[in-house]
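One structure below.
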Amino acid sequence: MSTSGKGGHELDKTVSVVTNDSANATIPLTIKGRVIEIYSLSPRTVKLKGYVGETVKDTIRLVPNKAYKFKVLGITAKRGENIRFQFKEVKDGDQSGYDITVENTAKTPGVYFDTLLVKTDSEQKPQIDISVIGSIRKPTEHTTATNGG
């Protein structure tokens with residue numbers, strides 16, 4: 001049973017266990033529990049939508065759960081094409097987190113996908129994967145006129 005992306009939710013899963021006991025060849029086994037949320041990510045996906053030639057960026061916030069504090073050691077990208085990114089630690093009261101800003105660098109129209117690989121010092125979650133979706137369109141006369149070009 002995968003708990004990926006299920007942090008903070010209750011799970012209830014029944015599976016059949018196959019045995020070598022002919023009287024009980026299969027036994028139903030139910031697993032119930034709450035999946036611990038090690039961190040929150042808002043929003044959960046980076047979405048870069050805009051036009052070629054304009055600045056297109058998105059910032060997401062990664063906040064470790066107080067019971068599972070960790071530090072971000074660095075970020076890389078799986079493909080590393082069409083984006084640049086940076087992160088900074090931020091404080092909100094007694095809670096620390098990270099703002100991760102991703103910017104489009106694509107110079108041609110199209111759709112692309114990438115994944116940020118956030119390295120942490122957490123034993124429970126040494127890497128956090130964040131999806132990046134880019135949708136960059138060709139400028140139209142309307143966007144050129146409204147952008148002063």
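Ligands are numbered from 1 in the order shown, residues from 1 within each chain, and chains are lettered A, B, ... in the order they appear in the structure tokens.
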
I want to know what sits within 12 Å of Ser40 (chain A), based on only C-alpha atoms, with residues of the same chain fewer than 3 positions away left out; could you give that as a VMD selection string? chain A and resid 5 to 8 36 to 37 43 to 45 60 to 66 68 to 69 96 to 99 128 130

Can you pull out every residue within 9 Å of region 52-57 of chain A, counting only C-alpha atoms, but drop anything in the same chain fewer than 3 positions away, and send it as JSON, numbers by chain? {"A": [46, 47, 48, 49, 101, 102, 103, 104, 105, 106, 107, 108, 109, 136, 137, 138, 139, 147]}

Which parts of chain A does DSSP call helix (DSSP H, G or I) when run on the backbone here, written out as a JSON list (two decimals) with N, CA and C atoms, in the first residue's frame?
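So part_31.json came out as:
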[["chain", "number", "residue", "atom", "x", "y", "z"],
["A", 22, "SER", "N", -4.85, -25.24, 4.03],
["A", 22, "SER", "CA", -5.97, -25.55, 3.13],
["A", 22, "SER", "C", -7.32, -25.15, 3.72],
["A", 23, "ALA", "N", -7.44, -25.11, 5.04],
["A", 23, "ALA", "CA", -8.70, -24.70, 5.67],
["A", 23, "ALA", "C", -8.89, -23.18, 5.59],
["A", 24, "ASN", "N", -7.81, -22.45, 5.49],
["A", 24, "ASN", "CA", -7.85, -20.99, 5.39],
["A", 24, "ASN", "C", -6.88, -20.54, 4.29],
["A", 66, "LYS", "N", 5.99, 20.19, 12.63],
["A", 66, "LYS", "CA", 6.78, 20.52, 13.83],
["A", 66, "LYS", "C", 7.41, 19.28, 14.46],
["A", 67, "ALA", "N", 6.74, 18.14, 14.37],
["A", 67, "ALA", "CA", 7.26, 16.91, 14.97],
["A", 67, "ALA", "C", 8.35, 16.27, 14.11],
["A", 68, "TYR", "N", 8.50, 16.72, 12.86],
["A", 68, "TYR", "CA", 9.47, 16.12, 11.93],
["A", 68, "TYR", "C", 10.31, 17.21, 11.27],
["A", 141, "GLU", "N", -1.51, 39.17, -30.72],
["A", 141, "GLU", "CA", -1.54, 40.62, -30.89],
["A", 141, "GLU", "C", -2.08, 41.29, -29.63],
["A", 142, "HIS", "N", -3.08, 40.69, -29.01],
["A", 142, "HIS", "CA", -3.68, 41.26, -27.80],
["A", 142, "HIS", "C", -2.65, 41.35, -26.68],
["A", 143, "THR", "N", -1.88, 40.27, -26.44],
["A", 143, "THR", "CA", -0.91, 40.30, -25.34],
["A", 143, "THR", "C", 0.22, 41.26, -25.66],
["A", 144, "THR", "N", 0.61, 41.35, -26.93],
["A", 144, "THR", "CA", 1.68, 42.28, -27.31],
["A", 144, "THR", "C", 1.23, 43.71, -27.08],
["A", 145, "ALA", "N", -0.05, 44.01, -27.45],
["A", 145, "ALA", "CA", -0.58, 45.37, -27.29],
["A", 145, "ALA", "C", -0.72, 45.74, -25.81],
["A", 146, "THR", "N", -1.19, 44.80, -25.00],
["A", 146, "THR", "CA", -1.41, 45.12, -23.58],
["A", 146, "THR", "C", -0.10, 45.16, -22.80]]

Residue set, chain A restricted to strand (DSSP E), as a VMD selection string: chain A and resid 10 to 18 26 to 34 39 to 42 46 to 51 57 to 64 72 to 77 83 to 92 95 to 104 110 to 120 127 to 137

Go through region 62-86 of chain A and flag each residue having an atom no more than 10 Å from region 123-127 of chain A; for those, report the closest pair of atoms plus their distance in Å to one decimal, using only C-alpha atoms, ordered by chain and rising number, as JSON lines.
{"residue": "A:Tyr68", "atom": "CA", "partner": "A:Gln124", "partner_atom": "CA", "distance": 8.2}
{"residue": "A:Phe70", "atom": "CA", "partner": "A:Glu123", "partner_atom": "CA", "distance": 8.9}
{"residue": "A:Lys71", "atom": "CA", "partner": "A:Pro126", "partner_atom": "CA", "distance": 9.9}
{"residue": "A:Val72", "atom": "CA", "partner": "A:Gln127", "partner_atom": "CA", "distance": 9.2}
{"residue": "A:Leu73", "atom": "CA", "partner": "A:Pro126", "partner_atom": "CA", "distance": 9.6}
{"residue": "A:Gly74", "atom": "CA", "partner": "A:Gln127", "partner_atom": "CA", "distance": 9.9}
{"residue": "A:Ile75", "atom": "CA", "partner": "A:Gln127", "partner_atom": "CA", "distance": 9.4}

So how many Å separate CA of Gly50 (chain A) and CA of Val90 (chain A), to one decimal?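 One can read the CA of Gly50 (chain A) to CA of Val90 (chain A) distance as 27.1 Å.
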
Name the closest residue to Leu41 (chain A) among the candidates A:Ser131, A:Thr76, A:Asn82, A:Ser122; distances are taken between atoms, counting only C-alpha atoms. A:Ser131

As a PyMOL selection string, please: the residues near Arg34 (chain A) (cut-off 7 Å, only C-alpha atoms, same-chain neighbours under 6 positions excluded). chain A and resi 8-11

Write the residues of the selection above to a file with N, CA and C atoms, as a PDB file, in the first residue's frame.
ATOM      1  N   GLY A   8      -1.765  13.091   6.292  1.00  0.00           N
ATOM      2  CA  GLY A   8      -2.888  13.756   6.939  1.00  0.00           C
ATOM      3  C   GLY A   8      -4.230  13.078   6.710  1.00  0.00           C
ATOM      4  N   HIS A   9      -4.256  11.988   5.960  1.00  0.00           N
ATOM      5  CA  HIS A   9      -5.514  11.294   5.654  1.00  0.00           C
ATOM      6  C   HIS A   9      -5.583   9.934   6.357  1.00  0.00           C
ATOM      7  N   GLU A  10      -6.817   9.486   6.566  1.00  0.00           N
ATOM      8  CA  GLU A  10      -7.048   8.137   7.098  1.00  0.00           C
ATOM      9  C   GLU A  10      -7.022   7.145   5.936  1.00  0.00           C
ATOM     10  N   LEU A  11      -6.385   6.006   6.154  1.00  0.00           N
ATOM     11  CA  LEU A  11      -6.381   4.949   5.145  1.00  0.00           C
ATOM     12  C   LEU A  11      -7.065   3.721   5.713  1.00  0.00           C
TER      13      LEU A  11
END

Between CA of Ala77 (chain A) and CA of Val35 (chain A), what is the distance, to one decimal in Å?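 Pair CA of Ala77 (chain A) / CA of Val35 (chain A) returns 27.3 Å.
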
Å distance separating CA of Ser2 (chain A) from CA of Asp129 (chain A), one decimal place: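 Straight-line distance from CA of Ser2 (chain A) to CA of Asp129 (chain A) works out to 15.3 Å.
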